[in-house]
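A.B. asks: My structure is below; once you've seen it, I'll send some questions.
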Amino acid sequence: MKKKIITIDGPAASGKEKISKYISKKLKFKHLDSGILYRRLAFIFLNNKVDINNLNHIKENINKIKSFSFQKSKKIRTQEISNLASKIAVYNFVRLYINKLQHDFVTKNKYFQGFVIDGRDIGSVVFKSADIKLYVKVKAEIRAKRRYKQLIDSGEKSIYPQILKEIKLRDKKDKLRKHSPLVIPKDAYIVDNNGKFNFTIKQINKIIAKI
Ligand code: DC
């Protein structure tokens, strides 16, 4: 039986993870957060002191990787890793490597009939023939406010204007990069996540009823 795929794209801190988890629980689909893969790779590069401005050095280090962890962890959620991840995400070589990890993940997880995968280019590039594509929209100011609260709640120091500035910068990088920029996939449903999560869920339920 063909595996079902739901893709969720959208800018940083737009609530893709919360929406993915909701769908994954409701439909018993396996969730993959592709941002983790970019963050993990950034973490490896940081530890191995890879010069991220040198593509040959990046290629050499990627070719040396023997195993790759998909685990979430606090240490890959720092601002330093966020910034580094968005810098390495501009390279096509990096993107192709991570795209393959995602396809292998779907192939290897034999016991799941469905997957919900979130990121920036999932419906537009990685899984173009997905069954349902979502694009999450939230104003930058609201995203910054939510991210600020998240960081404070998890014990990190944070300054709202700084977070807003970083979010806007990451939006710019995500939307303007040459390879796989953040776009609304042409056959995607737009999900408005500016308001209360109940309002988002109502939209989601209507859409996923079609699967
Ligand atoms: O969603 P996130 O903040 O965890 O993603 C970290 C970085 O990875 C983000 O700056 C952009 C990049 N990314 C990407 O380019 N494409 C994806 N599909 C997912 C993340």
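If you're wondering about the labels, chains in the structure tokens are A, B, ... by order shown, residues count from 1 in each chain, ligands from 1 in order shown.
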So which bits of stretch 12-131 of chain A end up strand (DSSP E or B) when you DSSP the backbone, as a list of chain:residue names?

C.D. replies: A:Lys30, A:His31, A:Leu32, A:Asp33, A:Gly114, A:Phe115, A:Val116, A:Ile117, A:Asp118, A:Gly119

A.B. asks: For chain A versus ligand 1, which residues have an atom no more than 9 Å away, and what is each residue's nearest atom pair and distance in Å rounded to one decimal, using only C-alpha atoms and all ligand atoms, chain-then-number order, as CSV?

C.D. replies:
```
residue,atom,partner,partner_atom_place_in_ligand_line,distance
A:Asp9,CA,ligand 1,18 (N),7.6
A:Gly10,CA,ligand 1,1 (O),8.5
A:Pro11,CA,ligand 1,1 (O),7.5
A:Ala12,CA,ligand 1,3 (O),5.1
A:Ala13,CA,ligand 1,3 (O),6.8
A:Ser14,CA,ligand 1,1 (O),8.9
A:Lys16,CA,ligand 1,1 (O),8.0
A:Glu17,CA,ligand 1,1 (O),8.4
A:Asp33,CA,ligand 1,1 (O),7.4
A:Ser34,CA,ligand 1,19 (C),4.8
A:Gly35,CA,ligand 1,4 (O),3.6
A:Ile36,CA,ligand 1,4 (O),5.4
A:Leu37,CA,ligand 1,20 (C),7.6
A:Tyr38,CA,ligand 1,8 (O),4.8
A:Arg39,CA,ligand 1,6 (C),5.7
A:Ala42,CA,ligand 1,8 (O),9.0
A:Ile76,CA,ligand 1,4 (O),8.7
A:Arg77,CA,ligand 1,4 (O),7.5
A:Ile81,CA,ligand 1,6 (C),8.1
A:Ser82,CA,ligand 1,6 (C),5.6
A:Asn83,CA,ligand 1,10 (O),6.5
A:Leu84,CA,ligand 1,10 (O),7.8
A:Ala85,CA,ligand 1,7 (C),4.7
A:Ser86,CA,ligand 1,10 (O),3.5
A:Lys87,CA,ligand 1,10 (O),7.3
A:Ile88,CA,ligand 1,12 (C),8.0
A:Ala89,CA,ligand 1,15 (O),4.7
A:Val90,CA,ligand 1,15 (O),7.1
A:Arg95,CA,ligand 1,15 (O),7.6
A:Ile98,CA,ligand 1,18 (N),8.6
A:Asn99,CA,ligand 1,18 (N),8.4
A:Ile117,CA,ligand 1,18 (N),8.9
A:Asp118,CA,ligand 1,18 (N),6.7
A:Gly119,CA,ligand 1,18 (N),3.6
A:Arg120,CA,ligand 1,18 (N),4.0
A:Asp121,CA,ligand 1,18 (N),4.8
A:Ile122,CA,ligand 1,18 (N),5.8
A:Val126,CA,ligand 1,18 (N),8.1
A:Arg170,CA,ligand 1,10 (O),6.0
A:Asp171,CA,ligand 1,10 (O),8.3
A:Lys173,CA,ligand 1,10 (O),7.8
A:Asp174,CA,ligand 1,11 (C),6.2
A:Ser180,CA,ligand 1,15 (O),7.6
A:Pro181,CA,ligand 1,15 (O),7.6
A:Leu182,CA,ligand 1,15 (O),7.8
```

A.B. asks: Do you have the atom CA of A:His31-atom CA of A:Gln71 distance handy?

C.D. replies: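 Interatomic distance, atom CA of A:His31 to atom CA of A:Gln71: 12.0 Å.
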
A.B. asks: Which residue, A:Ile5, A:Gln162, A:Ala140, A:Lys49, has the smallest gap to A:Val116 when you use only C-alpha atoms?

C.D. replies: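 So, comparing all the options, the nearest one is A:Ile5.
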
A.B. asks: If you count only C-alpha atoms, which residues fall within 8 Å of stretch 189-194 of chain A, apart from same-chain ones fewer than 4 positions away, as a list in words?

C.D. replies: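 Everything that qualifies: Ser14, Gly15, Lys133, Leu134, Tyr135, Val136, Lys137, Val138, Lys139, Ile142, Phe199, Thr200, Gln203, Ile204 and Ile207 of chain A.
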
A.B. asks: Only N, CA and C atoms, please: the residues just picked out, written as an mmCIF file, in the first residue's frame.

C.D. replies:
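The resulting result.cif:
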```
data_model
loop_
_atom_site.group_PDB
_atom_site.id
_atom_site.type_symbol
_atom_site.label_atom_id
_atom_site.label_comp_id
_atom_site.auth_asym_id
_atom_site.auth_seq_id
_atom_site.Cartn_x
_atom_site.Cartn_y
_atom_site.Cartn_z
ATOM 1 N N SER A 14 6.471 29.202 13.201
ATOM 2 C CA SER A 14 5.080 29.400 12.787
ATOM 3 C C SER A 14 4.145 28.347 13.396
ATOM 4 N N GLY A 15 4.714 27.433 14.188
ATOM 5 C CA GLY A 15 3.881 26.432 14.857
ATOM 6 C C GLY A 15 3.779 25.123 14.088
ATOM 7 N N LYS A 133 -0.717 18.966 1.234
ATOM 8 C CA LYS A 133 0.331 19.940 1.541
ATOM 9 C C LYS A 133 -0.285 21.110 2.311
ATOM 10 N N LEU A 134 0.379 21.477 3.398
ATOM 11 C CA LEU A 134 -0.083 22.622 4.186
ATOM 12 C C LEU A 134 0.999 23.693 4.185
ATOM 13 N N TYR A 135 0.559 24.937 4.238
ATOM 14 C CA TYR A 135 1.502 26.047 4.409
ATOM 15 C C TYR A 135 0.973 26.901 5.558
ATOM 16 N N VAL A 136 1.796 27.069 6.596
ATOM 17 C CA VAL A 136 1.348 27.780 7.803
ATOM 18 C C VAL A 136 1.756 29.250 7.730
ATOM 19 N N LYS A 137 0.750 30.111 7.949
ATOM 20 C CA LYS A 137 1.012 31.563 7.933
ATOM 21 C C LYS A 137 0.795 32.160 9.325
ATOM 22 N N VAL A 138 1.780 32.919 9.797
ATOM 23 C CA VAL A 138 1.664 33.670 11.058
ATOM 24 C C VAL A 138 2.526 34.923 10.929
ATOM 25 N N LYS A 139 2.023 36.059 11.418
ATOM 26 C CA LYS A 139 2.780 37.312 11.358
ATOM 27 C C LYS A 139 4.090 37.191 12.142
ATOM 28 N N ILE A 142 3.944 37.980 15.921
ATOM 29 C CA ILE A 142 3.308 36.941 16.752
ATOM 30 C C ILE A 142 4.277 35.772 16.940
ATOM 31 N N PHE A 199 -8.625 27.444 16.787
ATOM 32 C CA PHE A 199 -8.992 27.964 15.463
ATOM 33 C C PHE A 199 -8.159 27.257 14.382
ATOM 34 N N THR A 200 -6.898 27.014 14.696
ATOM 35 C CA THR A 200 -6.015 26.306 13.749
ATOM 36 C C THR A 200 -6.501 24.870 13.562
ATOM 37 N N GLN A 203 -9.358 24.320 11.175
ATOM 38 C CA GLN A 203 -8.938 24.347 9.761
ATOM 39 C C GLN A 203 -8.283 23.011 9.384
ATOM 40 N N ILE A 204 -7.393 22.547 10.288
ATOM 41 C CA ILE A 204 -6.652 21.306 10.023
ATOM 42 C C ILE A 204 -7.621 20.121 9.866
ATOM 43 N N ILE A 207 -9.219 19.894 6.574
ATOM 44 C CA ILE A 207 -8.292 19.513 5.491
ATOM 45 C C ILE A 207 -7.939 18.023 5.556
#
```

A.B. asks: Mind pulling up the distance from atom CA of A:Val106 to atom CA of A:Phe127?

C.D. replies: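 Atom CA of A:Val106 lies 10.6 Å from atom CA of A:Phe127.
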
A.B. asks: Could you please determine the separation between atom CA of A:Ala144 and atom CA of A:Phe115 in Å, to one decimal place?

C.D. replies: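 So the two atoms, atom CA of A:Ala144 and atom CA of A:Phe115, lie 28.2 Å apart.
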
A.B. asks: Compare A:Ile8, A:Leu96, A:Leu164, A:Ile159 by their minimum atom-to-atom distance to A:Pro185, counting only C-alpha atoms, and give me the closest one.

C.D. replies: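 Smallest separation from A:Pro185 among the options: A:Ile8.
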
A.B. asks: Measuring atom to atom with only C-alpha atoms, identify which of A:Ala209, A:Ile163, A:Ile201, A:Leu46 is nearest to A:Ser20.

C.D. replies: A:Ile201

A.B. asks: Going by DSSP on the backbone, which residues of stretch 17-140 of chain A come out as helix (DSSP H, G or I)? List them as a PyMOL selection string.

C.D. replies: chain A and resi 17-27+34-47+55-64+74-76+79-88+92-108+122-126+140

A.B. asks: Please determine, counting only C-alpha atoms, which residue among A:Ile44, A:Ile23, A:Ile208, A:Ala130 has the shortest atom-to-atom distance to A:Ile58.

C.D. replies: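 That would be A:Ile44, the residue with the smallest distance to A:Ile58.
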
A.B. asks: A:Lys72, A:Asn48, A:Arg177, A:Ala188: which is nearest A:Ile132, counting only C-alpha atoms?

C.D. replies: A:Ala188
